[in-house]
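Let me begin by presenting the structure, written as C-alpha cells, before commenting on it.
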Amino acid sequence: MAAFAFASAISLLAAAPGATGGVVSLNLCTDELVLLVARPDQVRGVSYLSHLPEELALWRQARRYPANDGSMLAAAARRPALVVTMGSAGRDQARLAAAVGARLLVLPYPASLADIAASVRRVGRATGNVGRAEAIVASMRSAVRNAPGGAVDAMWLDGAGRTLSPSSLGAAWLRLAGLAQRSVAGDQVTLEAMLTRPPTVVVQSRYRAGQMSSATGWLRHPAARRVARARTLPTDGRRWTCAGPTLLPEILRLRRALAR
Amino acid sequence: MTRGAALAAVGALALLFALSLLLPAGDLLALARTDAPLAATILFELRLPRAALALIYGATLGASGAAVQALFANPLASPDITGTSSGAALGAVVAAYLLGATGPFGFTVGGTVGAGAALALLLALAGPRAEAATLLLAGVAISALAGAATALALALAPSPFAFYDAFQWLMGSFVDRSLPQLAVAACGAGVALALLATQVARLDRLALGEEVAQSIGDDPARTRAVVIAATALGVGACVAVCGAVGFVGLVAPVIARAWTGQHPGRAVWPAAALGAALMLGADLLVRLAPLGRALPVGVVTALIGAPLFVRLVVKSRGRVAL
Amino acid sequence: MRKPGLQARGVALGRRLAATDLDLAAGSLTVLVGPNGAGKTSLLHALARIGGPAGEVRVEGRSIDDISPAARPKSLGYVPAARELAWPLSVRDFVRLTATKGDAAEVLSGLKLDRLADRRVDTLSTGERTRVLLARALLPAPAVLLLDEPFANLDPLWQLRLVERLQDEAKGGMTVLVSVHDFDLAVRLARRMLVMDEGRLVADGRPDALFANGTIENVFGVARADRGGWTEAR
C-alpha cells in the first residue's frame with residue numbers, strides 16, 4: 001500500500017505543471033472556470049448541470065462536451081490528465097485520480113473577489129493557459145478600479161425573499177456596480193418589510209423564473225407587484241449561483257442601467 | 001363546556017386574531033399616515049392571509065386531531081404522528097416538482113391525495129382499534145416512507161436547488177401567503193370542518209364500543225371513512241399552502257378533552273378553537289421575538305408540543321387520557 | 001295473544017347463523033343456551049342489527065332498521081359480552097351517552113353504581129363494567145333488552161341480584177333475552193329456554209321439559225347426575 005502511494009506521488013511530481021492532456025470538471029462552478037480558461041480541445045467533460053440552460057449561462061458551450069454525474073469514477077472514465085472540482089475531495093477521490101494518472105485540483109469555495117481571481121489563475125496554470133487566465137483577472141481588476149464612487153441602497157432578491165448578506169461574495173460584486181446590499185436579518189426579507197421600507201434598487205434574480213416553486217409563487221404575490229417604488233433591475237440568476245467571472249458582464253450591464 | 005367558557009374561548013381567539021393583524025404596529029401606523037393605500041395593501045394582502053391561515057390551519061389540525069384520536073381511541077394519534085402531514089407534503093412535492101402542477105390548486109390536490117393515502121395506509125397497517133404501540137410504529141413507518149419518497153422526488157426533480165426550496169416550505173410558514181392561497185386553504189379546511197361537524201355525536205358514541213354503537217344504528221366503518229376523508233382534505237390543503245407544522249394536532253385535542261370530561265366527539269370544536277389559538281400564538285411569537293432570524297413556526301409548536309408528547313407517551317401505557 | 005315484544009323473521013349472519021324466526025312476547029324473560037360456537041352471540045347480534053345481518057326485526061310492531069340512532073335506545077338495549085371500555089369517561093357520563101333524559105341517579109343506585117359514579121370506566125373491574133353497560137342500556141327504558149353472557153364476570157351475590165333485576169324488568173313489561181352459560185342459572189332465571197346448536201335454533205320450550213326429553217343431553221353431551229350437578233352423557 002505504501003509502495004503504491006509512493007509510486008503515485010512520484011508520478012504526480014513527474015507530471016508537468018502545465019499538463020496538456022484532457023481536463024474534466026466535476027462541479028458547476030469549476031465548469032464555468034474550465035470553460036472560460038481552457039482551450040476547447042482540452043475539455044473532456046463537464047458536470048451534467050452545466051448542460052441545463054436554467055443552470056449555466058454558458059450552457060451552449062458546455063453542451064459540446066460529455067456530461068458527468070460529478071463523481072470521480074465518471075471523470076476517470078475519460079482518462080483525463082486533470083480533474084477539477086470545488087470544496088473538498090475525499091481520500092478515495094484523490095487515490096482514484098492518482099490511479100488513473102490524473103492530477104486532482106480542488107478549488108476552495110470563493111469568499112471574495114480575490115479568491116475568484118486566485119482560482120482563475122490556478123486553473124490557468126494547471127491547463128497551460130496562463131495568458132487567458134491573466135486576461136480574465138485583468139478585466140476583473142479593471143472593473144474594481146472603475147467602480148462607481150457612491151453606494152446606492154439595494155437588495156438582491158431571489159424568490160421567496162432570499163437576499164444576500166452584505167459580507168458575501170455576491171455583495172462584493174454588487175459594490176462593483178455601485179450598489180450597497182442592505183443588511184437583512186437572516187438574509188430573508190418579507191414582502192411587508194419590502195413594502196414598508198423599500199430599497200432604492202432591487203436586483204431581481206430571474207433564476208428559473210418560469211418554473212413553479214414556492215419561490216416564484218412569492219414573486220407573483222399581488223403585493224410583490226407593488227414594490228414599484230424601488231427600481232427593479234432584472235438579472236441573470238444563473239451567474240449568481242457561482243458568482244464567478246461570468247458575473248462580470250452582468251455587473252457592467254447593471255452599472256450602465258443604473259447610470260441611465 | 002359551558003356557554004360562558006365557549007364565549008370566553010371565542011373572545012380570546014378574536015383577540016389573538018386582532019393582535020396578529022395589528023402587531024407589529026409601529027411601522028404600519030407610520031405608513032398609514034404617509035401612504036394609506038399601501039398600508040391597506042399590507043393589511044389586507046399580507047397580514048390578513050397570514051392571520052387567517054394560522055387560524056384555519058390551527059383549527060383544522062385541532063379538529064381533525066380530535067376526530068382521529070376518537071377513531072383510534074388513542075391520544076397519540078394526530079396528523080403528524082400518524083404520518084398524515086408527511087404524506088401531504090409528499091403529495092404536494094410530487095404534484096409541484098414532478099407533475100408540474102402549477103398554482104396553489106395543484107399543490108392542494110397533491111396534498112390531499114398524499115394525506116388520504118397516508119391515512120388509508122395507517123388504517124391498513126394498524127387496524128381500526130390499534131394499541132398505542134402499533135399505532136406509533138405504523139405512524140413512524142409511514143412518516144419514514146413519506147420522507148424517503150419526498151427525498152427521492154426532490155432528487156429526481158429538475159434542479160438540485162429544489163431541495164432548498166422544498167426544505168424552506170416544508171418547515172411550515174405563514175409568511176407572504178396571498179389571498180388566493182388563503183381561499184384554497186379555506187375551501188379545503190371549510191369542507192373538512194363541515195364534515196367533522198356531522199360526526200361529533202357519532203364520535204362520542206364510539207366510546208360505547210363497536211358492538212353497542214352498531215346496535216344503536218351507527219356505522220363505525222362509515223364514520224371512519226368520513227373522518228379520514230375530512231382529515232385528508234383539510235390537512236392536505238393546509239400543508240400544501242403553509243407547509244407542515246407539527247404538534248398542534250396532538251396537543252389541542254388532549255387539552256380540549258380535559259374540558260369536556262373526556263368526551264371525544266364533544267372535544268372536536270374546543271380542540272379546533274384551541275388549535276387556532278395555539279397556531280396564532282406561535283406565529284405571533286415567531287414574528288415578535290427579537291432573534292434577528294426568521295424562525296419557522298413549526299419550531300415553536302415543536303418546543304411546546306414535544307415535552308407534552310413525551311409526557312403522553314410516559315403516561316399512556318395503553319390508556320387513553322392523561 | 002300477548003302483545004308482541006320482538007318479532008324476528010329470517011335473521012341470519014353469514015355462516016354463523018342460519019335464517020331464524022323468533023317471537024318474544026312483551027314482558028317475557030327468555031334464556032338462550034348453547035355450546036361454544038353455537039351461535040348465541042350471532043343470534044343476539046342479528047337481533048340487535050350488529051354486523052350487517054339479513055332479515056327483519058320488529059319491536060312493538062316497528063322495524064328496528066327504520067328507527068334512527070337517536071331513538072333506537074328506547075326500543076332496544078344491548079349489553080355485549082366484551083367488556084372493553086377504552087374511552088375514560090366517567091361512569092355517569094358513560095351511562096348518559098344514549099339517554100340525556102331519564103333518571104340516571106336512580107338507575108345508578110339501582111345497580112349500586114352511585115359510589116362509582118365519578119370513576120372512569122376504564123379503571124373498573126370487569127364485573128363493575130358489566131353493571132355499567134347494563135345501566136347504560138336500561139336508562140332509556142327500552143322495550144327490548146338483549147344481554148350476552150352478563151353473568152360471566154359477576155360474583156354470586158351479583159348473579160342473584162341480576163336474576164332478580166331481570167325478572168322485575170320483565171314483570172314491568174320489558175322483553176328480555178339473555179344468553180347464559182350456566183344451566184342452573186338458566187333454570188332459575190326463566191320459564192322459556194331457547195337452545196342453539198351449530199348456528200340454528202334447535203329447541204324452544206320449558207327448561208325442565210328440555211332436560212327431560214333429552215335435548216340438553218344431545219346438544220351438550222352432559223346429563224344431570226343423581227347427586228346433583230352434571231356428568232358426561234353416555
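Letters A, B, ... mark the chains of the C-alpha cells in the order given; residue numbers begin at 1 per chain; ligand numbers begin at 1, in order shown.
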
Can you list every residue in segment 3-197 of chain A that DSSP puts in strand (DSSP E or B), as number ranges by chain?
-> A: 23-25, 43-47, 67-68, 82-86, 103-107, 152-157, 162, 179-181, 188

Keeping only C-alpha atoms, write the selected residues to a file as an mmCIF file, in the first residue's frame.
```
data_model
loop_
_atom_site.group_PDB
_atom_site.id
_atom_site.type_symbol
_atom_site.label_atom_id
_atom_site.label_comp_id
_atom_site.auth_asym_id
_atom_site.auth_seq_id
_atom_site.Cartn_x
_atom_site.Cartn_y
_atom_site.Cartn_z
ATOM 1 C CA VAL A 23 -9.348 18.191 -18.263
ATOM 2 C CA VAL A 24 -12.620 17.067 -16.673
ATOM 3 C CA SER A 25 -14.684 19.271 -14.368
ATOM 4 C CA VAL A 43 -12.010 19.889 -22.245
ATOM 5 C CA ARG A 44 -13.033 16.241 -21.859
ATOM 6 C CA GLY A 45 -16.097 16.569 -19.668
ATOM 7 C CA VAL A 46 -18.305 18.843 -17.566
ATOM 8 C CA SER A 47 -20.915 18.189 -14.900
ATOM 9 C CA ALA A 67 -21.739 15.332 -19.180
ATOM 10 C CA ASN A 68 -20.723 13.524 -15.996
ATOM 11 C CA LEU A 82 -6.504 16.914 -14.814
ATOM 12 C CA VAL A 83 -9.669 16.716 -12.746
ATOM 13 C CA VAL A 84 -11.077 19.920 -11.294
ATOM 14 C CA THR A 85 -13.617 20.103 -8.504
ATOM 15 C CA MET A 86 -14.626 22.504 -5.733
ATOM 16 C CA ARG A 103 -3.897 15.355 -11.278
ATOM 17 C CA LEU A 104 -6.663 16.447 -8.911
ATOM 18 C CA LEU A 105 -7.227 20.160 -8.485
ATOM 19 C CA VAL A 106 -9.566 21.057 -5.630
ATOM 20 C CA LEU A 107 -10.544 24.717 -5.592
ATOM 21 C CA VAL A 152 -26.849 53.045 -3.720
ATOM 22 C CA ASP A 153 -29.049 51.243 -1.162
ATOM 23 C CA ALA A 154 -30.001 47.989 -2.851
ATOM 24 C CA MET A 155 -31.331 44.499 -2.268
ATOM 25 C CA TRP A 156 -30.538 41.463 -4.328
ATOM 26 C CA LEU A 157 -33.562 39.145 -4.417
ATOM 27 C CA ARG A 162 -33.909 35.366 -0.147
ATOM 28 C CA LEU A 179 -24.818 49.043 -5.168
ATOM 29 C CA ALA A 180 -24.695 48.533 -1.421
ATOM 30 C CA GLN A 181 -26.559 45.399 -0.317
ATOM 31 C CA GLN A 188 -34.584 36.725 4.347
#
```

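Using only C-alpha atoms, the contacts of Ala152 of chain C at a cut-off of 10 Å, with sequence neighbours closer than 6 positions omitted, comprise Ala81, Thr126, Gly127, Thr130, Gln159, Val180, His181 and Asp182 of chain C.
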
For chain B against chain C, with a cut-off of 12 Å and counting only C-alpha atoms, what is the closest atom pair and its distance in Å to one decimal for every residue that makes the cut, ordered by chain and number, as CSV?
```
residue,atom,partner,partner_atom,distance
B:Gln69,CA,C:Trp87,CA,10.5
B:Ala70,CA,C:Trp87,CA,8.6
B:Leu71,CA,C:Trp87,CA,10.7
B:Phe72,CA,C:Ala86,CA,9.9
B:Ala73,CA,C:Trp87,CA,6.5
B:Asn74,CA,C:Trp87,CA,8.6
B:Pro75,CA,C:Trp87,CA,10.2
B:Arg129,CA,C:Ala86,CA,9.6
B:Ala130,CA,C:Ala86,CA,11.2
B:Glu131,CA,C:Ala86,CA,10.3
B:Ala132,CA,C:Ala86,CA,11.8
B:Ala201,CA,C:Leu97,CA,9.4
B:Arg202,CA,C:Pro69,CA,9.4
B:Leu203,CA,C:Leu97,CA,11.1
B:Asp204,CA,C:Leu97,CA,7.7
B:Arg205,CA,C:Leu97,CA,6.7
B:Leu206,CA,C:Trp87,CA,8.6
B:Ala207,CA,C:Trp87,CA,5.4
B:Leu208,CA,C:Leu85,CA,7.0
B:Gly209,CA,C:Leu85,CA,6.5
B:Glu210,CA,C:Ile50,CA,9.1
B:Glu211,CA,C:Ile50,CA,6.5
B:Val212,CA,C:Tyr78,CA,6.4
B:Ala213,CA,C:Ile50,CA,8.8
B:Gln214,CA,C:Ile50,CA,5.4
B:Ser215,CA,C:Ala48,CA,5.2
B:Ile216,CA,C:Pro69,CA,5.1
B:Gly217,CA,C:Pro69,CA,5.0
B:Asp218,CA,C:Pro69,CA,6.5
B:Asp219,CA,C:Ile50,CA,9.3
B:Pro220,CA,C:Gly51,CA,10.6
B:Ala221,CA,C:Gly51,CA,10.8
B:Arg257,CA,C:Leu89,CA,10.2
B:Ala258,CA,C:Leu89,CA,10.7
B:Thr260,CA,C:Leu89,CA,9.7
B:Gly261,CA,C:Leu89,CA,6.7
B:Gln262,CA,C:Leu89,CA,5.7
B:His263,CA,C:Leu89,CA,6.6
B:Pro264,CA,C:Trp87,CA,8.2
B:Gly265,CA,C:Leu97,CA,11.3
B:Arg266,CA,C:Leu97,CA,11.5
B:Gly318,CA,C:Ala86,CA,9.0
B:Arg319,CA,C:Ala86,CA,7.4
B:Val320,CA,C:Trp87,CA,6.2
B:Ala321,CA,C:Pro88,CA,6.8
B:Leu322,CA,C:Pro88,CA,9.9
```

Selection near segment 190-192 of chain B, 9 Å with only C-alpha atoms, sequence-local residues under 6 positions removed, as a ChimeraX atom specification = /B:56,60,64,227,229-235

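With only C-alpha atoms taken into account, the protein and nucleic acid residues at most 7 Å from segment 92-94 of chain B (excluding it and anything under 4 positions from it in its own chain) are Ala88, Leu98, Leu99, Phe107, Thr108, Gly110, Gly111, Thr150, Ala153 and Ala240 of chain B.
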
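Between atom CA of Leu121 of chain B and atom CA of Ala146 of chain B the separation is 11.2 Å.
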
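For the residues A:Thr235, A:Ser71, A:Ser205, A:Thr190, ranking by smallest atom-to-atom distance to chain B using only C-alpha atoms places A:Thr190 first.
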
Measure the distance from atom CA of Leu210 of chain C to atom CA of Arg192 of chain C in Å and round it to one decimal.
-> 10.0 Å

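You can rank B:Ala225, B:Leu291, B:Leu123, B:Leu13 by their closest distance to chain A using only C-alpha atoms, and at the top of that list sits B:Leu291.
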
Using only C-alpha atoms, which residues sit within 9 Å of Gln167 of chain C once same-chain residues fewer than 4 positions away are excluded, as a VMD selection string?
-> chain C and resid 28 to 29 162 to 163 171 to 172 176 189 to 190

Apply DSSP to the backbone of this structure and, from segment 43-248 of chain A, keep only the residues in helix (DSSP H, G or I); write these as a PyMOL selection string.
-> chain A and resi 48-51+59-62+72-77+91-99+113-127+130-145+159-161+169-176+185-187+191-196+214-219+224-226+237-242+247-248

Keeping C-alpha atoms for every residue in the selection just given, could you write it to a file as a PDB file, in the first residue's frame?
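And here is the file that came out, again12.pdb:
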```pdb
ATOM      1  CA  TYR A  48     -24.452  17.454 -16.062  1.00  0.00           C
ATOM      2  CA  LEU A  49     -25.812  20.655 -14.531  1.00  0.00           C
ATOM      3  CA  SER A  50     -23.896  22.801 -16.965  1.00  0.00           C
ATOM      4  CA  HIS A  51     -25.843  21.266 -19.844  1.00  0.00           C
ATOM      5  CA  TRP A  59     -24.714  26.051 -21.473  1.00  0.00           C
ATOM      6  CA  ARG A  60     -24.345  26.108 -25.223  1.00  0.00           C
ATOM      7  CA  GLN A  61     -20.621  25.951 -24.873  1.00  0.00           C
ATOM      8  CA  ALA A  62     -20.909  23.263 -22.219  1.00  0.00           C
ATOM      9  CA  MET A  72     -14.583  10.779  -9.692  1.00  0.00           C
ATOM     10  CA  LEU A  73     -15.492   7.472 -11.294  1.00  0.00           C
ATOM     11  CA  ALA A  74     -17.171   9.236 -14.204  1.00  0.00           C
ATOM     12  CA  ALA A  75     -14.173  11.532 -14.583  1.00  0.00           C
ATOM     13  CA  ALA A  76     -11.728   8.641 -14.511  1.00  0.00           C
ATOM     14  CA  ALA A  77     -13.542   7.011 -17.398  1.00  0.00           C
ATOM     15  CA  ARG A  91      -9.109  10.486   0.195  1.00  0.00           C
ATOM     16  CA  ASP A  92     -10.734   7.935  -2.042  1.00  0.00           C
ATOM     17  CA  GLN A  93     -11.209  10.525  -4.741  1.00  0.00           C
ATOM     18  CA  ALA A  94      -7.552  11.504  -4.562  1.00  0.00           C
ATOM     19  CA  ARG A  95      -6.495   7.871  -4.718  1.00  0.00           C
ATOM     20  CA  LEU A  96      -8.725   7.197  -7.682  1.00  0.00           C
ATOM     21  CA  ALA A  97      -7.384  10.217  -9.527  1.00  0.00           C
ATOM     22  CA  ALA A  98      -3.852   9.063  -8.882  1.00  0.00           C
ATOM     23  CA  ALA A  99      -4.707   5.553 -10.015  1.00  0.00           C
ATOM     24  CA  LEU A 113     -13.232  38.571  -5.499  1.00  0.00           C
ATOM     25  CA  ALA A 114      -9.589  37.856  -4.732  1.00  0.00           C
ATOM     26  CA  ASP A 115     -10.479  34.178  -4.240  1.00  0.00           C
ATOM     27  CA  ILE A 116     -12.065  34.090  -7.674  1.00  0.00           C
ATOM     28  CA  ALA A 117      -9.002  35.640  -9.244  1.00  0.00           C
ATOM     29  CA  ALA A 118      -6.803  33.079  -7.482  1.00  0.00           C
ATOM     30  CA  SER A 119      -8.942  30.187  -8.714  1.00  0.00           C
ATOM     31  CA  VAL A 120      -8.869  31.503 -12.270  1.00  0.00           C
ATOM     32  CA  ARG A 121      -5.093  31.683 -12.117  1.00  0.00           C
ATOM     33  CA  ARG A 122      -4.798  28.150 -10.710  1.00  0.00           C
ATOM     34  CA  VAL A 123      -6.915  26.708 -13.494  1.00  0.00           C
ATOM     35  CA  GLY A 124      -4.831  28.705 -15.976  1.00  0.00           C
ATOM     36  CA  ARG A 125      -1.628  27.269 -14.604  1.00  0.00           C
ATOM     37  CA  ALA A 126      -2.934  23.724 -14.421  1.00  0.00           C
ATOM     38  CA  THR A 127      -4.165  23.730 -18.014  1.00  0.00           C
ATOM     39  CA  VAL A 130      -1.859  31.341 -18.165  1.00  0.00           C
ATOM     40  CA  GLY A 131      -2.460  34.056 -20.730  1.00  0.00           C
ATOM     41  CA  ARG A 132      -6.231  33.576 -20.873  1.00  0.00           C
ATOM     42  CA  ALA A 133      -6.403  33.436 -17.099  1.00  0.00           C
ATOM     43  CA  GLU A 134      -4.492  36.656 -16.713  1.00  0.00           C
ATOM     44  CA  ALA A 135      -6.766  38.378 -19.221  1.00  0.00           C
ATOM     45  CA  ILE A 136      -9.812  37.461 -17.087  1.00  0.00           C
ATOM     46  CA  VAL A 137      -8.106  38.649 -13.908  1.00  0.00           C
ATOM     47  CA  ALA A 138      -7.154  41.889 -15.644  1.00  0.00           C
ATOM     48  CA  SER A 139     -10.731  42.653 -16.643  1.00  0.00           C
ATOM     49  CA  MET A 140     -11.855  41.951 -13.073  1.00  0.00           C
ATOM     50  CA  ARG A 141      -9.181  44.356 -11.804  1.00  0.00           C
ATOM     51  CA  SER A 142     -10.314  46.974 -14.285  1.00  0.00           C
ATOM     52  CA  ALA A 143     -13.888  46.669 -13.042  1.00  0.00           C
ATOM     53  CA  VAL A 144     -12.678  47.191  -9.490  1.00  0.00           C
ATOM     54  CA  ARG A 145     -10.702  50.263 -10.490  1.00  0.00           C
ATOM     55  CA  GLY A 159     -37.530  34.058  -4.947  1.00  0.00           C
ATOM     56  CA  ALA A 160     -39.125  33.714  -1.517  1.00  0.00           C
ATOM     57  CA  GLY A 161     -37.420  36.805  -0.181  1.00  0.00           C
ATOM     58  CA  LEU A 169     -19.246  37.386  -2.389  1.00  0.00           C
ATOM     59  CA  GLY A 170     -22.385  38.453  -4.240  1.00  0.00           C
ATOM     60  CA  ALA A 171     -22.469  41.706  -2.285  1.00  0.00           C
ATOM     61  CA  ALA A 172     -18.843  42.326  -3.241  1.00  0.00           C
ATOM     62  CA  TRP A 173     -19.823  42.037  -6.911  1.00  0.00           C
ATOM     63  CA  LEU A 174     -22.736  44.424  -6.333  1.00  0.00           C
ATOM     64  CA  ARG A 175     -20.346  47.016  -4.950  1.00  0.00           C
ATOM     65  CA  LEU A 176     -18.561  46.982  -8.318  1.00  0.00           C
ATOM     66  CA  ALA A 185     -31.930  39.655   9.446  1.00  0.00           C
ATOM     67  CA  GLY A 186     -31.451  36.065   8.416  1.00  0.00           C
ATOM     68  CA  ASP A 187     -30.850  37.114   4.798  1.00  0.00           C
ATOM     69  CA  LEU A 191     -42.936  41.419   1.499  1.00  0.00           C
ATOM     70  CA  GLU A 192     -44.134  43.644   4.286  1.00  0.00           C
ATOM     71  CA  ALA A 193     -40.617  44.816   5.016  1.00  0.00           C
ATOM     72  CA  MET A 194     -40.084  45.390   1.313  1.00  0.00           C
ATOM     73  CA  LEU A 195     -43.211  47.490   1.075  1.00  0.00           C
ATOM     74  CA  THR A 196     -42.698  49.438   4.294  1.00  0.00           C
ATOM     75  CA  SER A 214     -42.823  28.419  -3.686  1.00  0.00           C
ATOM     76  CA  ALA A 215     -40.202  30.998  -4.570  1.00  0.00           C
ATOM     77  CA  THR A 216     -41.760  32.059  -7.853  1.00  0.00           C
ATOM     78  CA  GLY A 217     -45.122  31.999  -6.134  1.00  0.00           C
ATOM     79  CA  TRP A 218     -43.755  34.623  -3.783  1.00  0.00           C
ATOM     80  CA  LEU A 219     -42.769  36.768  -6.705  1.00  0.00           C
ATOM     81  CA  ALA A 224     -44.921  41.969  -4.656  1.00  0.00           C
ATOM     82  CA  ARG A 225     -46.025  43.749  -7.782  1.00  0.00           C
ATOM     83  CA  ARG A 226     -46.463  46.906  -5.807  1.00  0.00           C
ATOM     84  CA  GLY A 237     -29.749  34.475 -11.786  1.00  0.00           C
ATOM     85  CA  ARG A 238     -27.616  31.680 -13.174  1.00  0.00           C
ATOM     86  CA  ARG A 239     -24.479  33.755 -12.996  1.00  0.00           C
ATOM     87  CA  TRP A 240     -25.024  34.449  -9.303  1.00  0.00           C
ATOM     88  CA  THR A 241     -25.094  30.772  -8.358  1.00  0.00           C
ATOM     89  CA  CYS A 242     -21.329  30.544  -8.546  1.00  0.00           C
ATOM     90  CA  LEU A 247     -20.857  37.783 -13.434  1.00  0.00           C
ATOM     91  CA  LEU A 248     -18.541  40.434 -14.802  1.00  0.00           C
TER      92      LEU A 248
END
```

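Summary of the local environment: counting only C-alpha atoms, residues at most 8 Å from segment 110-118 of chain C, other than itself and those fewer than 5 positions away along its chain, are Ser90, Val91, Arg92, Ala105, Arg131, Val132 and Ala135 of chain C.
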
Those residues with all heavy atoms, as a compact mmCIF listing (two decimals), in the first residue's frame please?
```
# COMPACT_ATOMS: atom_id res chain seq x y z
N SER C 90 -66.39 9.17 32.66
CA SER C 90 -66.85 8.81 34.00
C SER C 90 -68.06 7.90 33.85
O SER C 90 -68.73 7.89 32.81
CB SER C 90 -67.23 10.05 34.79
OG SER C 90 -68.41 10.62 34.25
N VAL C 91 -68.34 7.13 34.88
CA VAL C 91 -69.47 6.20 34.83
C VAL C 91 -70.76 6.95 34.52
O VAL C 91 -71.55 6.53 33.67
CB VAL C 91 -69.60 5.44 36.17
CG1 VAL C 91 -70.93 4.71 36.26
CG2 VAL C 91 -68.44 4.46 36.32
N ARG C 92 -70.94 8.07 35.19
CA ARG C 92 -72.17 8.84 34.97
C ARG C 92 -72.26 9.28 33.50
O ARG C 92 -73.31 9.16 32.86
CB ARG C 92 -72.19 10.05 35.89
CG ARG C 92 -73.54 10.76 35.90
CD ARG C 92 -73.54 11.98 36.78
NE ARG C 92 -73.41 11.66 38.20
CZ ARG C 92 -72.36 11.98 38.94
NH1 ARG C 92 -71.34 12.61 38.42
NH2 ARG C 92 -72.31 11.66 40.23
N ALA C 105 -79.52 8.94 38.18
CA ALA C 105 -79.20 8.64 39.58
C ALA C 105 -79.91 7.39 40.04
O ALA C 105 -79.34 6.54 40.74
CB ALA C 105 -79.57 9.83 40.45
N ARG C 131 -72.02 -4.05 34.98
CA ARG C 131 -73.13 -3.28 35.55
C ARG C 131 -73.26 -1.91 34.88
O ARG C 131 -74.37 -1.42 34.67
CB ARG C 131 -72.94 -3.13 37.06
CG ARG C 131 -73.27 -4.42 37.80
CD ARG C 131 -72.44 -4.63 39.04
NE ARG C 131 -72.52 -3.52 39.96
CZ ARG C 131 -71.62 -3.31 40.93
NH1 ARG C 131 -70.60 -4.14 41.07
NH2 ARG C 131 -71.76 -2.28 41.75
N VAL C 132 -72.12 -1.32 34.52
CA VAL C 132 -72.18 -0.02 33.85
C VAL C 132 -72.83 -0.17 32.48
O VAL C 132 -73.68 0.64 32.09
CB VAL C 132 -70.75 0.57 33.70
CG1 VAL C 132 -70.78 1.77 32.77
CG2 VAL C 132 -70.20 0.97 35.05
N ALA C 135 -76.47 -0.54 33.01
CA ALA C 135 -77.09 0.74 33.37
C ALA C 135 -77.28 1.60 32.13
O ALA C 135 -78.33 2.23 31.95
CB ALA C 135 -76.22 1.46 34.40
```

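Minimum distance to Ala111 of chain A across A:Gly178, A:Gly70, A:Gly87, A:Gly128 (counting only C-alpha atoms) occurs at A:Gly87.
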